[in-house]
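Since the structure comes first, as structure tokens, the remarks are kept for the end.
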Amino acid sequence: MAGNMIVVGMADLKACKSPGVLTTLGLGSCIGIAIYDKIAKVAGLAHIMLPDSKAIHNNTNKAKFADTAIVELIREMEKLGAKKINMKAKIAGGAQMFAFNATNENLRVGDRNAEATKKALQSCGIPLLASETGANFGRTVELYAETGKFLIKAIGQGIREL
Amino acid sequence: MAMKSAESIFSDAHLDVLKEIGSMGTAHAATALSKMVNKKVTMPPPNVSWLEFQDVANLVGGAENVLAAIFVSLSGNIQGMMMQLMTVEAAHNVAELVTGMKPPSDRDIYVFDEMETSVIQEVGNIMLSSYLTSLAGLTNSQIKPSIPYMCVDMANSILSVPAIEFGRMADKMLFIESQIEIEGIEFSGNFVLVPNLHSFYRILRSLGVE
């Protein structure tokens, strides 16, 4: 791992300037939301766990929910000189790790996280350039503030750029 | 009535009771596993702790360490999920012990064939059911586990499943850490128990928590 790699934990978010690199490890049903301003060369990455802060009592951690994490991430990026109008997003994650026939909708949370994330980006006016969500495997992602390059790594699949 | 924060709800005394459930479960599991593989199985009493997700990931080798996980969802009076976490090596050992066959040496260590998957799921199922039988007895509950499902992936990806389920109320989970030894081959058998909110309070009530 490169020396300038900044790790974003589960239910966490961080922003950085070029040449910083943000990463979050082993996204399962969670979603990694990568936002990039290529003019200011400012990157932001959030690792959200749940779709909606309003449906939950235990909601003080803004980074845990799609709706509140995106608002907070934009704010953190703006502090580093990014402008909302230049921000573009890519997302990854939202897997269903265990291949059962999920009738319980709580167990389909990967899909719901992906849907909620897309909706929240839209309501913030951030265009979604690319997404790789769903399937049944975990993903580690990296976002490079210098170029906006967004990489996905999965077990047995090597590294690919989204 | 205001509900207590799930973050601070377990005292050492409660953990002792949960540890007792774990120990009883371990004894049942060792007997069941011993019968299945027809070999001597030893499992010392487990450590039981109430941990942050990130600490659980660190205890099982780090966020990106690849694990084999056996998962059951729970219905009945206690709902939620329970998982057994094994290293990939331990999972291969279990399969070999039961089938008597070594995996082909040119195959990726993360790959398990249908037979191996089925064996590991069944062993996991026996261990999980043993714990759940103890828990059901102690809490006077009926617990119905689903059939077992297996997943081989990064620790964080696997732990995201219980983390999300429990994340609705807290950022911690019940982690049961045990060492299983089958005729000198040691493998870690770690368990994660994640009841839903309603069941969580049912368990606490039966442990005497007001």
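Within each chain, counting starts at residue 1; across the structure tokens, chains are named A, B, ... in the order shown, with ligands numbered 1 upward in that order.
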Go through chain A and flag each residue having an atom no more than 6 Å from chain B; for those, report the closest pair of atoms plus their distance in Å to one decimal, using only C-alpha atoms, ordered by chain and rising number, as CSV.
residue,atom,partner,partner_atom,distance
A:Gly26,CA,B:Ser157,CA,4.7
A:Leu27,CA,B:Ser157,CA,5.0
A:Gly28,CA,B:Ser157,CA,3.7
A:Met49,CA,B:Ile164,CA,5.9
A:Asn58,CA,B:Met169,CA,5.3
A:Phe98,CA,B:Cys151,CA,6.0
A:Gly138,CA,B:Ser157,CA,5.0
- Message: Residues of range 3-150 of chain A classed as strand (DSSP E) by DSSP on the backbone are to be reported as a ChimeraX atom specification.
- Response: /A:5-7,12-17,21-27,31-37,42-48,87-93,128-133,139-144,150
- Message: Give me, as a PyMOL selection string, all polymer residues having an atom no more than 9 Å from Glu52 in chain B, counting only C-alpha atoms and skipping those fewer than 4 positions away in the same chain.
- Response: chain B and resi 56-57+171-173
- Task: To one decimal in Å, tell me the separation between CA of Cys30 in chain A and CA of Thr133 in chain A.
- Result: 9.7 Å
Could you name the residues that touch range 147-161 of chain A at 8 Å or less, counting only C-alpha atoms, but leaving out those on the same chain fewer than 4 positions away, as a PDB file with N, CA, C and O atoms, in the first residue's frame?
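Listing of selection08.pdb after writing:
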ATOM      1  N   ALA A  34     -17.478   7.517  -4.061  1.00  0.00           N
ATOM      2  CA  ALA A  34     -16.301   8.310  -4.410  1.00  0.00           C
ATOM      3  C   ALA A  34     -16.760   9.561  -5.145  1.00  0.00           C
ATOM      4  O   ALA A  34     -17.477   9.470  -6.139  1.00  0.00           O
ATOM      5  N   TYR A  36     -15.365  13.284  -6.836  1.00  0.00           N
ATOM      6  CA  TYR A  36     -14.121  13.903  -7.291  1.00  0.00           C
ATOM      7  C   TYR A  36     -14.395  15.237  -7.978  1.00  0.00           C
ATOM      8  O   TYR A  36     -15.333  15.346  -8.776  1.00  0.00           O
ATOM      9  N   ASP A  37     -13.576  16.235  -7.637  1.00  0.00           N
ATOM     10  CA  ASP A  37     -13.584  17.527  -8.327  1.00  0.00           C
ATOM     11  C   ASP A  37     -12.276  17.619  -9.088  1.00  0.00           C
ATOM     12  O   ASP A  37     -11.219  17.785  -8.482  1.00  0.00           O
ATOM     13  N   LYS A  38     -12.328  17.483 -10.430  1.00  0.00           N
ATOM     14  CA  LYS A  38     -11.069  17.393 -11.182  1.00  0.00           C
ATOM     15  C   LYS A  38     -10.404  18.763 -11.355  1.00  0.00           C
ATOM     16  O   LYS A  38      -9.213  18.838 -11.649  1.00  0.00           O
ATOM     17  N   LYS A  41      -8.841  19.178  -7.923  1.00  0.00           N
ATOM     18  CA  LYS A  41      -8.138  17.930  -7.597  1.00  0.00           C
ATOM     19  C   LYS A  41      -8.349  17.548  -6.117  1.00  0.00           C
ATOM     20  O   LYS A  41      -7.406  17.322  -5.364  1.00  0.00           O
ATOM     21  N   ALA A  43     -10.532  14.888  -3.669  1.00  0.00           N
ATOM     22  CA  ALA A  43     -11.266  13.625  -3.670  1.00  0.00           C
ATOM     23  C   ALA A  43     -11.971  13.423  -2.335  1.00  0.00           C
ATOM     24  O   ALA A  43     -11.480  13.879  -1.296  1.00  0.00           O
ATOM     25  N   LYS A  90     -18.651   8.217  -8.423  1.00  0.00           N
ATOM     26  CA  LYS A  90     -18.661   6.810  -8.831  1.00  0.00           C
ATOM     27  C   LYS A  90     -18.947   5.993  -7.561  1.00  0.00           C
ATOM     28  O   LYS A  90     -18.495   6.381  -6.485  1.00  0.00           O
ATOM     29  N   ALA A  92     -19.369   1.901  -5.678  1.00  0.00           N
ATOM     30  CA  ALA A  92     -19.128   0.453  -5.750  1.00  0.00           C
ATOM     31  C   ALA A  92     -19.558  -0.198  -4.443  1.00  0.00           C
ATOM     32  O   ALA A  92     -19.574   0.452  -3.399  1.00  0.00           O
ATOM     33  N   PHE A 137     -19.678 -10.578  -4.161  1.00  0.00           N
ATOM     34  CA  PHE A 137     -18.296 -10.556  -3.685  1.00  0.00           C
ATOM     35  C   PHE A 137     -17.931  -9.186  -3.104  1.00  0.00           C
ATOM     36  O   PHE A 137     -18.536  -8.170  -3.433  1.00  0.00           O
ATOM     37  N   GLY A 138     -16.926  -9.213  -2.212  1.00  0.00           N
ATOM     38  CA  GLY A 138     -16.465  -7.997  -1.561  1.00  0.00           C
ATOM     39  C   GLY A 138     -15.535  -7.198  -2.461  1.00  0.00           C
ATOM     40  O   GLY A 138     -14.937  -7.740  -3.395  1.00  0.00           O
ATOM     41  N   ARG A 139     -15.452  -5.897  -2.182  1.00  0.00           N
ATOM     42  CA  ARG A 139     -14.627  -5.013  -3.012  1.00  0.00           C
ATOM     43  C   ARG A 139     -13.831  -4.045  -2.139  1.00  0.00           C
ATOM     44  O   ARG A 139     -14.391  -3.417  -1.238  1.00  0.00           O
ATOM     45  N   THR A 140     -12.530  -3.909  -2.455  1.00  0.00           N
ATOM     46  CA  THR A 140     -11.722  -2.836  -1.890  1.00  0.00           C
ATOM     47  C   THR A 140     -11.615  -1.770  -2.972  1.00  0.00           C
ATOM     48  O   THR A 140     -11.431  -2.105  -4.148  1.00  0.00           O
ATOM     49  N   VAL A 141     -11.765  -0.498  -2.605  1.00  0.00           N
ATOM     50  CA  VAL A 141     -11.685   0.563  -3.621  1.00  0.00           C
ATOM     51  C   VAL A 141     -10.606   1.583  -3.265  1.00  0.00           C
ATOM     52  O   VAL A 141     -10.276   1.764  -2.085  1.00  0.00           O
ATOM     53  N   GLU A 142     -10.062   2.237  -4.298  1.00  0.00           N
ATOM     54  CA  GLU A 142      -9.067   3.310  -4.124  1.00  0.00           C
ATOM     55  C   GLU A 142      -9.450   4.481  -5.018  1.00  0.00           C
ATOM     56  O   GLU A 142      -9.821   4.281  -6.174  1.00  0.00           O
ATOM     57  N   LEU A 143      -9.326   5.681  -4.478  1.00  0.00           N
ATOM     58  CA  LEU A 143      -9.618   6.887  -5.253  1.00  0.00           C
ATOM     59  C   LEU A 143      -8.398   7.816  -5.205  1.00  0.00           C
ATOM     60  O   LEU A 143      -7.958   8.211  -4.113  1.00  0.00           O
TER      61      LEU A 143
ATOM     62  N   TYR B 110      -8.604 -20.092  -2.457  1.00  0.00           N
ATOM     63  CA  TYR B 110      -9.901 -19.492  -2.130  1.00  0.00           C
ATOM     64  C   TYR B 110     -11.071 -20.247  -2.746  1.00  0.00           C
ATOM     65  O   TYR B 110     -12.227 -19.914  -2.512  1.00  0.00           O
ATOM     66  N   ASP B 153     -14.584 -14.685   1.460  1.00  0.00           N
ATOM     67  CA  ASP B 153     -14.259 -13.325   0.996  1.00  0.00           C
ATOM     68  C   ASP B 153     -13.501 -12.562   2.086  1.00  0.00           C
ATOM     69  O   ASP B 153     -13.167 -13.131   3.128  1.00  0.00           O
ATOM     70  N   MET B 154     -13.260 -11.277   1.837  1.00  0.00           N
ATOM     71  CA  MET B 154     -12.533 -10.449   2.794  1.00  0.00           C
ATOM     72  C   MET B 154     -13.327 -10.293   4.098  1.00  0.00           C
ATOM     73  O   MET B 154     -14.551 -10.181   4.076  1.00  0.00           O
TER      74      MET B 154
END
- Item | Selected residue, from B:Ile120, B:Phe166, B:Asn125, B:Asn196, that lies nearest to Ala29 in chain B when counting only C-alpha atoms |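 Comparing B:Ile120, B:Phe166, B:Asn125, B:Asn196 against Ala29 in chain B, the winner is B:Asn125.
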- Ala95 in chain B surroundings by only C-alpha atoms, 6 Å radius, close-in-sequence under 4 positions cut, as a ChimeraX atom specification: /B:99,116,119
Take the residues just selected and output them with all heavy atoms as a PDB file, in the first residue's frame.
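Here's the written file again.pdb:
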ATOM      1  N   THR B  99     -13.795 -35.616   4.219  1.00  0.00           N
ATOM      2  CA  THR B  99     -13.810 -36.319   2.931  1.00  0.00           C
ATOM      3  C   THR B  99     -12.589 -37.223   2.755  1.00  0.00           C
ATOM      4  O   THR B  99     -12.607 -38.126   1.928  1.00  0.00           O
ATOM      5  CB  THR B  99     -13.810 -35.329   1.739  1.00  0.00           C
ATOM      6  OG1 THR B  99     -12.576 -34.591   1.772  1.00  0.00           O
ATOM      7  CG2 THR B  99     -14.975 -34.374   1.807  1.00  0.00           C
ATOM      8  N   GLU B 116     -16.759 -29.951  -0.971  1.00  0.00           N
ATOM      9  CA  GLU B 116     -16.106 -29.280   0.161  1.00  0.00           C
ATOM     10  C   GLU B 116     -17.030 -28.237   0.781  1.00  0.00           C
ATOM     11  O   GLU B 116     -17.158 -28.146   2.009  1.00  0.00           O
ATOM     12  CB  GLU B 116     -14.799 -28.612  -0.309  1.00  0.00           C
ATOM     13  CG  GLU B 116     -13.722 -29.614  -0.679  1.00  0.00           C
ATOM     14  CD  GLU B 116     -12.622 -29.011  -1.549  1.00  0.00           C
ATOM     15  OE1 GLU B 116     -12.836 -27.950  -2.170  1.00  0.00           O
ATOM     16  OE2 GLU B 116     -11.551 -29.615  -1.613  1.00  0.00           O
ATOM     17  N   VAL B 119     -19.658 -29.947   2.869  1.00  0.00           N
ATOM     18  CA  VAL B 119     -19.109 -30.462   4.127  1.00  0.00           C
ATOM     19  C   VAL B 119     -18.889 -29.329   5.133  1.00  0.00           C
ATOM     20  O   VAL B 119     -19.281 -29.422   6.299  1.00  0.00           O
ATOM     21  CB  VAL B 119     -17.768 -31.200   3.858  1.00  0.00           C
ATOM     22  CG1 VAL B 119     -16.995 -31.401   5.150  1.00  0.00           C
ATOM     23  CG2 VAL B 119     -18.025 -32.533   3.174  1.00  0.00           C
TER      24      VAL B 119
END
- Nearby residues (only C-alpha atoms) at most 8 Å from Gly80 in chain B, same-chain spacing under 2 positions excluded, as a PyMOL selection string: chain B and resi 73-75+78+82+165+194-196+199
- Any idea what's packed within 8 Å of Ile70 in chain A, counting only C-alpha atoms, ignoring anything in its chain fewer than 4 positions away? Could you give it as number ranges by chain? A: 33, 46, 66, 74, 120-121, 124
Suppose we keep N, CA and C atoms; can you now write the selection as an mmCIF file, in the first residue's frame?
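Below is the file result_8.cif, written as the result:
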data_model
loop_
_atom_site.group_PDB
_atom_site.id
_atom_site.type_symbol
_atom_site.label_atom_id
_atom_site.label_comp_id
_atom_site.auth_asym_id
_atom_site.auth_seq_id
_atom_site.Cartn_x
_atom_site.Cartn_y
_atom_site.Cartn_z
ATOM 1 N N ILE A 33 -18.747 5.471 -1.722
ATOM 2 C CA ILE A 33 -19.168 6.596 -2.569
ATOM 3 C C ILE A 33 -17.941 7.468 -2.804
ATOM 4 N N ALA A 46 -16.699 7.997 0.967
ATOM 5 C CA ALA A 46 -17.529 7.621 2.124
ATOM 6 C C ALA A 46 -17.811 6.125 2.058
ATOM 7 N N ALA A 66 -26.482 6.718 3.622
ATOM 8 C CA ALA A 66 -26.318 7.292 2.287
ATOM 9 C C ALA A 66 -26.732 8.761 2.262
ATOM 10 N N ILE A 74 -19.615 16.254 0.800
ATOM 11 C CA ILE A 74 -19.552 17.468 -0.025
ATOM 12 C C ILE A 74 -18.992 18.620 0.813
ATOM 13 N N ALA A 120 -29.753 9.782 -3.377
ATOM 14 C CA ALA A 120 -29.174 10.863 -2.581
ATOM 15 C C ALA A 120 -28.210 11.704 -3.428
ATOM 16 N N LEU A 121 -27.461 11.065 -4.325
ATOM 17 C CA LEU A 121 -26.560 11.818 -5.213
ATOM 18 C C LEU A 121 -27.382 12.728 -6.120
ATOM 19 N N CYS A 124 -28.667 15.758 -4.432
ATOM 20 C CA CYS A 124 -27.606 16.738 -4.188
ATOM 21 C C CYS A 124 -27.095 17.336 -5.501
#
- Message: Please compute the CA of Asn190 in chain B-CA of Val60 in chain B distance, one decimal, in Å.
- Response: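 Between these atoms lies a distance of 8.2 Å.
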- Message: Can you pull out every residue from range 1-207 of chain B that DSSP, working from the backbone, puts in helix (DSSP H, G or I), and format the result as a PyMOL selection string?
- Response: chain B and resi 12-37+53-59+88-99+114-138+155-167+197-206
